[in-house]
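Structure first, commentary second.
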Amino acid sequence: MSTDGQSTPAAEGSPRASVPATRRAVIVGANRIPFARSGGAYAKSSNQDMLTAALDGLIARFGLQDERIGQVAAGAVLKHSRDFNLTREAVLGSALSAETPVYDLQQACATGLETVVGLANKIKLGQIDSAIAGGVDSASDAPVVVSEGLREVVLDLHRAKTLPQRLQILARLRPKDLAPLAPGTAEPRTGLSMGEHQALTTAQWKIPREAQDELALNSHRNLAAAYESGFFDDLMTPYRGLTRDGNLRADTSLEKLASLKPVFGRNLGADATMTAGNSTPLTDGASTVLLASDEWADARDLPKLATVVDAEAAAVDFVHGKDGLLMAPVFAVPRLLARQNLTLADFDYFEIHEAFAATVLSTLAAWEDEDFGRTRMGLDGAFGSIDRSRLNVNGSSLAAGHPFAATGGRIVGTLAKMLHAKAASTGRPARGLVSVCAAGGQGVVAILESL
Amino acid sequence: MTLAQPVILAEMPSLSKLYVNAAAQAARRRLLGTHDSAVLPAESHEVRGVRVGVENLTAYQHLIGETASDVLPAGFIHAIAFPLAMSVLNRDDFPLPLLGMIHLRNSVQQRSPLVFTDVLDMTARVENLRGHRSGTQVDVVAEVRPGGSGEVYWRGVSTYLSKGVFLPGIDKPTAVPPRADFQPPDPTALWHLGVDTGRAYAAVSGDFNPIHLSVLSAKALGMRRSIAHGMYLASRALADVGPARGDSFTWDVEFEAPVFLPSRVALEIATEHSGSGSWKHSRFVAWSPRSGRRHFSGTVAAL
């Protein structure tokens with residue numbers, strides 16, 4: 001069947017059979033620092049500072065001082081050019097062995113999850129026995145760049161050989177060239193901000209304002225309840241006076257959320273429904289996840305919370321609006337589940353990153369749409385619906401905030417702990433799905449299973 | 001059909017001299033009266049051995065949003081042939097005043113790619129003088145060939161309107177076709193055009209027409225603010241269509257309302273594929289997100 005989209009392979013006869021068996025990659029634990037609103041408690045902390053703080057907490061919790069870890073991978077989305085070796089510098093500034101190799105990764109908001117997937121794969125293949133995945137972002141300490149005019153003058157000056165050449169180059173400078181430029185959030189190919197892109201998708205899927213506000217409210221309530229129950233006690237290290245995510249509003253209400261004015265989509269002709277309350281704010285923070293082989297964890301008597309079962313990346317052609325910018329997970333999840341012979345009913349928990357409340361709701365709407373399932377995913381009908389009581393049960397990005405590259409580590413750490421607890425209380429294995437959308441029309445999704 | 005020998009110019013004419021000349025000509029005509037001819041010059045103008053400056057090319061590509069490849073963007077070829085085209089309009093026997101002409105339409109055939117190392121031969125002529133409900137319109141045809149080759153790789157037809165100029169013997173069309181109401185679709189892109197957009201395009205295209213440069217220079221020519229070059233807008237739309245267009249394509253644009261600077265322009269690009277999945281064409285339309293007024297629209301299609 002031909003589809004004007006991304007067909008989903010049939011579950012039967014999946015290519016799994018041809019993939020050789022590998023050993024397991026287990027999640028030992030995780031650690032993050034509380035996320036702060038941009039310009040808040042971490043306003044003067046750099047990416048390196050925050051990543052090191054999260055790393056140090058992880059090292060202390062699991063006794064990793066002087067340990068030579070197989071590999072550490074982390075990244076930042078808003079990254080200064082001087083931080084070309086951000087993760088290596090953080091490791092050198094930590095208590096880990098200086099002989100720990102490292103790589104930096106950048107996949108927009110999917111950075112954190114992709115480090116988990118990549119390192120878990122290395123463990124599965126037997127290339128390494130232990131790994132730390134992570135991510136960090138600072139919207140406060142963002143790199144500010146000089147104008148193209150000044151940049152060209154500086155670079156040309158560097159290449160000039162004689163004084164007259166240099167003077168000639170300097171004469172090209174104009175006053176406006178001296179104004180610095182802050183990083184923009186617009187997609188380079190469309191000039192639309194991420195919020196404006198989502199506003200178009202929101203209107204396309206007719207996601208009502210009330211549903212978005214309700215999802216935001218649940219995020220705050222669930223996160224507040226998780227803090228109250230001490231859920232984050234062994235997942236977090238206080239930093240710069242913060243012990244909880246700075247964005248959390250435990251006392252927010254539907255009335256308060258309903259009183260906010262729409263901020264995205266007002267100039268696009270679409271119905272404007274997205275507010276500061278149902279969109280994630282700019283945030284600072286860092287997260288880390290400790291991964292290992294069974295043998296490595298057992299030899300150190302470390303806990304084993306969950307395994308990284310499988311993962312899938314997808315991308316959509318958003319440039320001319322064929323799909324919404326943040327809709328790649330819509331295609332990634334059916335492919336992943338088909339490969340694993342699973343359906344949405346086989347999951348105990350769903351962690352769908354709340355870039356905007358409407359992103360989650362648009363994703364669910366696309367999965368529930370008969371026509372979309374047939375024409376765009378090559379299925380017999382709708383992909384399916386999820387049990388909403390299993391969605392983001394300990395809160396997600398709307399309440400916690402979203403320091404871009406740190407979100408994957410936050411979700412994986414949270415979900416691994418939830419799965420482990422669920423399995424311990426029910427006596428049967430628990431399974432969870434992670435879905436993270438990213439700039440550039442990308443998305444990464446993964447399956448975790450309890451141990 | 002032109003049987004006249006082409007006028008071969010020794011070098012690419014200077015646009016700034018042409019503009020000065022045009023201003024002088026306008027003054028002369030105002031003093032002495034127009035000669036009211038309704039005949040276009042038959043001679044074409046030709047320049048041979050034109051070379052492209054690679055720095056200029058790179059600056060153009062970066063400004064327009066094209067990847068800096070070795071292939072000359074179709075809009076860049078228009079820009080380098082533009083002074084030659086203007087030199088035909090600047091002839092004393094050209095019946096319309098050059099200054100104040102309005103670019104109505106532009107139609108380009110990029111038949112084969114040209115690269116920056118190609119030495120180019122170019123020809124320009126005028127044809128098809130005809131009426132318009134608010135004046136007289138004329139086509140300027142430019143053709144570009146690789147040096148010494150007879151084969152036209154790039155052909156552009158620019159239609160200009162001389163507003164308020166009516167020539168004897170040229171009827172204006174009586175029936176004005178009703179323009180369909182425009183309902184802005186969902187945009188696929190939003191351009192944020194700064195007040196220096198005209199100056200930036202002038203620097204890479206060489207077209208320093210004062211109506212594009214600054215509020216003051218535009219006001220001197222009777223505009224309320226400076227406006228973006230039409231070919232800047234059309235070239236950005238072409239770049240936004242992306243690599244699907246391949247190396248040979250047609251690129252048509254119709255200009256409606258000018259884009260005053262600074263402003264935001266919303267754009268929709270809608271692509272159609274053939275049954276076999278190959279790219280057929282991409283239509284683009286641009287409008288003001290504030291007023292909903294259409295600025296321009298066009299098509300890039302497989303050739």
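Numbering starts fresh at 1 for the residues of each chain in the structure tokens, the chains themselves are lettered A, B, ... in the order given, and ligands are numbered from 1 as they appear.
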What are the nearest atom pairs, with distances in Å to one decimal, for all residues of chain A that come at most 8 Å from chain B, using only C-alpha atoms, set out by chain and rising residue number as a Markdown table?
| residue | atom | partner | partner_atom | distance |
| --- | --- | --- | --- | --- |
| A:Arg189 | CA | B:Asp240 | CA | 7.3 |
| A:Thr190 | CA | B:Ala189 | CA | 4.1 |
| A:Gly191 | CA | B:Leu190 | CA | 4.9 |
| A:Leu192 | CA | B:Leu190 | CA | 5.6 |
| A:Leu200 | CA | B:Asp186 | CA | 7.1 |
| A:Asn267 | CA | B:Pro289 | CA | 6.1 |
| A:Leu268 | CA | B:Pro289 | CA | 6.7 |
| A:Gly269 | CA | B:Asp186 | CA | 6.9 |
| A:Ala270 | CA | B:Asp186 | CA | 7.4 |
| A:Val319 | CA | B:Thr188 | CA | 6.7 |
| A:His320 | CA | B:Thr188 | CA | 5.3 |
| A:Gly321 | CA | B:Thr188 | CA | 5.6 |
I need the residues from that last selection saved to file as a PDB file, in the first residue's frame (with C-alpha atoms), if you can.
ATOM      1  CA  ARG A 189      14.371  27.468   6.944  1.00  0.00           C
ATOM      2  CA  THR A 190      10.994  28.912   7.842  1.00  0.00           C
ATOM      3  CA  GLY A 191      11.643  31.884  10.114  1.00  0.00           C
ATOM      4  CA  LEU A 192       8.813  30.617  12.318  1.00  0.00           C
ATOM      5  CA  LEU A 200      -0.159  25.834  13.160  1.00  0.00           C
ATOM      6  CA  ASN A 267      -0.341  36.623  13.687  1.00  0.00           C
ATOM      7  CA  LEU A 268      -0.732  33.413  11.748  1.00  0.00           C
ATOM      8  CA  GLY A 269      -4.440  33.516  11.061  1.00  0.00           C
ATOM      9  CA  ALA A 270      -4.853  30.428  13.232  1.00  0.00           C
ATOM     10  CA  VAL A 319       9.580  22.912   5.788  1.00  0.00           C
ATOM     11  CA  HIS A 320       6.579  23.382   3.511  1.00  0.00           C
ATOM     12  CA  GLY A 321       4.100  22.186   6.106  1.00  0.00           C
TER      13      GLY A 321
END
**OP:** Mind the document's chain letters and residue numbers, and return as a PyMOL selection string the residues of stretch 1-236 of chain B that DSSP labels strand (DSSP E).
**Re:** chain B and resi 7-9+45-50+102-110+120-132+135-146+154-163+189-193
Selected residues written out, C-alpha atoms, as an mmCIF file, in the first residue's frame:
data_model
loop_
_atom_site.group_PDB
_atom_site.id
_atom_site.type_symbol
_atom_site.label_atom_id
_atom_site.label_comp_id
_atom_site.auth_asym_id
_atom_site.auth_seq_id
_atom_site.Cartn_x
_atom_site.Cartn_y
_atom_site.Cartn_z
ATOM 1 C CA VAL B 7 24.614 46.437 -30.610
ATOM 2 C CA ILE B 8 27.660 44.841 -29.043
ATOM 3 C CA LEU B 9 28.802 46.656 -25.916
ATOM 4 C CA HIS B 45 22.214 44.766 -26.828
ATOM 5 C CA GLU B 46 24.892 42.205 -26.289
ATOM 6 C CA VAL B 47 27.867 41.769 -23.960
ATOM 7 C CA ARG B 48 30.353 38.955 -24.325
ATOM 8 C CA GLY B 49 32.841 37.404 -21.949
ATOM 9 C CA VAL B 50 31.166 38.377 -18.682
ATOM 10 C CA ILE B 102 7.034 49.037 -12.135
ATOM 11 C CA HIS B 103 8.087 45.397 -12.292
ATOM 12 C CA LEU B 104 4.851 43.454 -12.873
ATOM 13 C CA ARG B 105 5.977 39.964 -13.731
ATOM 14 C CA ASN B 106 9.107 37.944 -14.160
ATOM 15 C CA SER B 107 9.457 34.661 -15.952
ATOM 16 C CA VAL B 108 12.701 32.697 -16.060
ATOM 17 C CA GLN B 109 13.675 29.480 -17.789
ATOM 18 C CA GLN B 110 16.777 27.933 -16.291
ATOM 19 C CA LEU B 120 28.980 34.350 -20.136
ATOM 20 C CA ASP B 121 27.585 35.962 -23.290
ATOM 21 C CA MET B 122 24.353 37.889 -22.791
ATOM 22 C CA THR B 123 21.769 39.504 -24.983
ATOM 23 C CA ALA B 124 18.868 41.782 -24.049
ATOM 24 C CA ARG B 125 16.050 43.254 -26.122
ATOM 25 C CA VAL B 126 12.570 44.665 -25.692
ATOM 26 C CA GLU B 127 9.382 43.381 -27.246
ATOM 27 C CA ASN B 128 5.641 43.150 -26.924
ATOM 28 C CA LEU B 129 4.726 46.782 -26.249
ATOM 29 C CA ARG B 130 1.099 46.674 -25.185
ATOM 30 C CA GLY B 131 -1.582 48.383 -23.203
ATOM 31 C CA HIS B 132 -2.426 48.010 -19.547
ATOM 32 C CA GLY B 135 -0.483 52.567 -18.588
ATOM 33 C CA THR B 136 1.744 50.751 -21.041
ATOM 34 C CA GLN B 137 3.641 47.524 -20.494
ATOM 35 C CA VAL B 138 6.655 46.052 -22.202
ATOM 36 C CA ASP B 139 8.702 42.848 -21.996
ATOM 37 C CA VAL B 140 12.466 42.871 -21.575
ATOM 38 C CA VAL B 141 13.967 39.593 -22.742
ATOM 39 C CA ALA B 142 17.441 38.613 -21.582
ATOM 40 C CA GLU B 143 19.297 35.502 -22.697
ATOM 41 C CA VAL B 144 22.500 34.083 -21.268
ATOM 42 C CA ARG B 145 24.771 31.601 -22.983
ATOM 43 C CA PRO B 146 28.100 30.063 -22.028
ATOM 44 C CA TRP B 154 19.052 30.992 -19.085
ATOM 45 C CA ARG B 155 16.222 33.109 -20.456
ATOM 46 C CA GLY B 156 14.380 35.772 -18.515
ATOM 47 C CA VAL B 157 11.358 37.854 -19.464
ATOM 48 C CA SER B 158 10.682 40.840 -17.223
ATOM 49 C CA THR B 159 7.429 42.733 -17.731
ATOM 50 C CA TYR B 160 7.459 46.381 -16.716
ATOM 51 C CA LEU B 161 4.623 48.887 -16.487
ATOM 52 C CA SER B 162 4.958 52.562 -17.280
ATOM 53 C CA LYS B 163 2.178 53.835 -15.098
ATOM 54 C CA ALA B 189 7.445 30.519 6.501
ATOM 55 C CA LEU B 190 7.702 33.976 7.983
ATOM 56 C CA TRP B 191 10.308 36.458 6.761
ATOM 57 C CA HIS B 192 11.468 39.203 9.086
ATOM 58 C CA LEU B 193 12.685 41.924 6.720
#
Original post:
Got a sec: who's within 12 Å of A:Leu167, counting only C-alpha atoms, leaving out chain neighbours fewer than 4 positions off, as an MDAnalysis selection string?
Top reply: chainID A and resid 153:154 156:157 160:163 171:173
Original post:
What residues in stretch 160-393 of chain A get the DSSP label helix (DSSP H, G or I)? Please answer as an MDAnalysis selection string.
Top reply: chainID A and resid 163:170 175:178 194:204 209:228 231:234 254:258 294:299 328:339 344:346 357:368 370:377 388:390
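Atom CA of A:Ala225 sits 27.7 Å away from atom CA of A:Thr111.
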**OP:** Select, from B:Phe82, B:Phe260, B:Phe94, B:Phe116, the residue with the minimum atom-to-atom distance to B:Ser205, counting only C-alpha atoms.
**Re:** B:Phe82
Subject >> Who sits within 10 Å of A:Asp234, only C-alpha atoms, same chain under 4 positions skipped, as a PyMOL selection string >> reply: chain A and resi 29-32+57-58+61+230+417
Original post:
How many Å separate atom CA of B:Arg29 from atom CA of B:Pro210?
Top reply: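 So the two atoms, atom CA of B:Arg29 and atom CA of B:Pro210, lie 20.9 Å apart.
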If we count only C-alpha atoms and set the cut-off at 6 Å, which residues sit around stretch 25-28 of chain A, ignoring sequence neighbours fewer than 3 positions away in its own chain? Please answer as a PDB file with C-alpha atoms, in the first residue's frame.
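New file part-v8.pdb:
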ATOM      1  CA  ALA A 120      23.121   1.683  25.668  1.00  0.00           C
ATOM      2  CA  ILE A 123      26.951  -1.603  26.129  1.00  0.00           C
ATOM      3  CA  LYS A 124      24.704  -4.069  24.282  1.00  0.00           C
ATOM      4  CA  LEU A 290      24.149   5.870  34.733  1.00  0.00           C
ATOM      5  CA  LEU A 291      24.036   2.892  32.358  1.00  0.00           C
ATOM      6  CA  ALA A 292      25.842  -0.424  32.713  1.00  0.00           C
ATOM      7  CA  SER A 293      26.017  -4.060  31.738  1.00  0.00           C
ATOM      8  CA  PRO A 303      20.783  -1.206  41.705  1.00  0.00           C
ATOM      9  CA  LYS A 304      19.292  -2.103  38.326  1.00  0.00           C
ATOM     10  CA  LEU A 305      16.088  -0.198  37.621  1.00  0.00           C
ATOM     11  CA  ALA A 306      15.260  -0.918  34.005  1.00  0.00           C
ATOM     12  CA  THR A 307      16.677  -1.915  30.615  1.00  0.00           C
ATOM     13  CA  VAL A 308      16.879   0.156  27.467  1.00  0.00           C
TER      14      VAL A 308
END
Near stretch 430-434 of chain A, 7 Å: stretch 341-399 of chain A residue rows, closest pairs, only C-alpha atoms, as CSV:
residue,atom,partner,partner_atom,distance
A:Phe347,CA,A:Arg431,CA,5.1
A:Asp348,CA,A:Arg431,CA,5.4
A:Tyr349,CA,A:Gly432,CA,4.7
A:Phe350,CA,A:Leu433,CA,4.9
A:Glu351,CA,A:Val434,CA,4.8
A:Ile352,CA,A:Val434,CA,6.0
Next, the residues of the selection above should be written as a short mmCIF file (atom, residue, chain, number, x, y, z; two decimals), in the first residue's frame with C-alpha atoms.
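Heads up, here's the output in part_13.cif:
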data_model
loop_
_atom_site.label_atom_id
_atom_site.label_comp_id
_atom_site.auth_asym_id
_atom_site.auth_seq_id
_atom_site.Cartn_x
_atom_site.Cartn_y
_atom_site.Cartn_z
CA PHE A 347 2.61 -0.02 28.16
CA ASP A 348 2.28 0.86 31.82
CA TYR A 349 3.60 4.38 31.43
CA PHE A 350 3.90 6.96 28.65
CA GLU A 351 6.41 9.78 28.91
CA ILE A 352 5.59 12.18 26.08
#
Original post:
Nearest to B:Asp93: which of B:Ala81, B:Ile211, B:Ala257, B:Leu40 is it, counting only C-alpha atoms?
Top reply: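 Of the candidates, the smallest distance to B:Asp93 is held by B:Leu40.
From atom CA of A:Arg221 back to atom CA of A:Arg209, the distance works out to 18.4 Å.
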Please identify all polymer residues within 12 Å of B:Trp279, counting only C-alpha atoms, omitting same-chain residues fewer than 2 positions from it, and present them as an mmCIF file with C-alpha atoms, in the first residue's frame.
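The resulting out_29.cif:
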data_model
loop_
_atom_site.group_PDB
_atom_site.id
_atom_site.type_symbol
_atom_site.label_atom_id
_atom_site.label_comp_id
_atom_site.auth_asym_id
_atom_site.auth_seq_id
_atom_site.Cartn_x
_atom_site.Cartn_y
_atom_site.Cartn_z
ATOM 1 C CA VAL B 241 11.425 25.935 -2.656
ATOM 2 C CA GLY B 242 14.640 24.068 -1.985
ATOM 3 C CA PRO B 243 16.657 21.413 -3.769
ATOM 4 C CA ALA B 244 13.561 19.667 -5.212
ATOM 5 C CA ARG B 245 13.699 22.064 -8.190
ATOM 6 C CA GLY B 246 16.861 20.462 -9.552
ATOM 7 C CA PHE B 249 13.228 24.662 -14.063
ATOM 8 C CA ALA B 270 2.700 24.206 -1.756
ATOM 9 C CA THR B 271 4.357 21.406 -3.690
ATOM 10 C CA GLU B 272 2.737 18.989 -6.076
ATOM 11 C CA HIS B 273 4.253 15.664 -7.034
ATOM 12 C CA SER B 274 3.470 13.548 -10.056
ATOM 13 C CA GLY B 275 1.936 10.095 -9.719
ATOM 14 C CA SER B 276 5.400 8.541 -9.664
ATOM 15 C CA GLY B 277 6.380 10.723 -6.729
ATOM 16 C CA HIS B 281 5.995 22.149 -9.230
ATOM 17 C CA SER B 282 5.896 24.321 -6.132
ATOM 18 C CA ARG B 283 3.557 27.297 -5.964
ATOM 19 C CA VAL B 300 8.658 26.984 -9.771
ATOM 20 C CA ALA B 301 8.122 24.021 -12.082
ATOM 21 C CA ALA B 302 10.130 21.201 -13.571
ATOM 22 C CA LEU B 303 11.323 22.052 -17.088
#
I'd like the contact shell of A:Ser140 - 12 Å cut-off, only C-alpha atoms, skipping same-chain residues fewer than 3 positions apart - returned as a PDB file with C-alpha atoms, in the first residue's frame.
ATOM      1  CA  ALA A  36      15.559  26.791  37.094  1.00  0.00           C
ATOM      2  CA  ARG A  37      13.621  29.340  35.104  1.00  0.00           C
ATOM      3  CA  SER A  38      15.840  31.295  32.756  1.00  0.00           C
ATOM      4  CA  GLY A  39      17.384  34.285  34.495  1.00  0.00           C
ATOM      5  CA  GLY A  40      16.732  32.648  37.870  1.00  0.00           C
ATOM      6  CA  ALA A  41      18.920  30.746  40.307  1.00  0.00           C
ATOM      7  CA  TYR A  42      21.359  29.540  37.631  1.00  0.00           C
ATOM      8  CA  ALA A  43      21.568  32.793  35.690  1.00  0.00           C
ATOM      9  CA  LYS A  44      25.347  32.983  36.124  1.00  0.00           C
ATOM     10  CA  SER A  45      26.070  29.254  35.916  1.00  0.00           C
ATOM     11  CA  SER A  46      27.539  27.948  32.680  1.00  0.00           C
ATOM     12  CA  ASN A  47      26.621  24.724  30.910  1.00  0.00           C
ATOM     13  CA  LEU A  78      22.654  26.294  23.035  1.00  0.00           C
ATOM     14  CA  LYS A  79      26.388  25.794  23.063  1.00  0.00           C
ATOM     15  CA  ASP A 137      21.241  23.698  28.670  1.00  0.00           C
ATOM     16  CA  PRO A 143      26.052  32.360  23.709  1.00  0.00           C
ATOM     17  CA  VAL A 144      25.700  35.852  22.266  1.00  0.00           C
ATOM     18  CA  ALA A 182      21.214  36.711  20.872  1.00  0.00           C
ATOM     19  CA  PRO A 183      20.370  33.202  19.674  1.00  0.00           C
ATOM     20  CA  PRO A 281       9.330  28.264  29.587  1.00  0.00           C
ATOM     21  CA  LEU A 282      13.024  28.802  28.807  1.00  0.00           C
ATOM     22  CA  THR A 283      14.879  26.893  31.502  1.00  0.00           C
ATOM     23  CA  ASP A 284      18.384  26.127  32.816  1.00  0.00           C
ATOM     24  CA  GLY A 285      19.432  22.705  34.091  1.00  0.00           C
ATOM     25  CA  PRO A 403      16.478  22.784  29.508  1.00  0.00           C
TER      26      PRO A 403
END
**OP:** Would you please work out which residue, of B:Gly298, B:Pro73, B:Pro262, B:Gly169, is nearest to B:Val52 when using only C-alpha atoms?
**Re:** B:Pro73
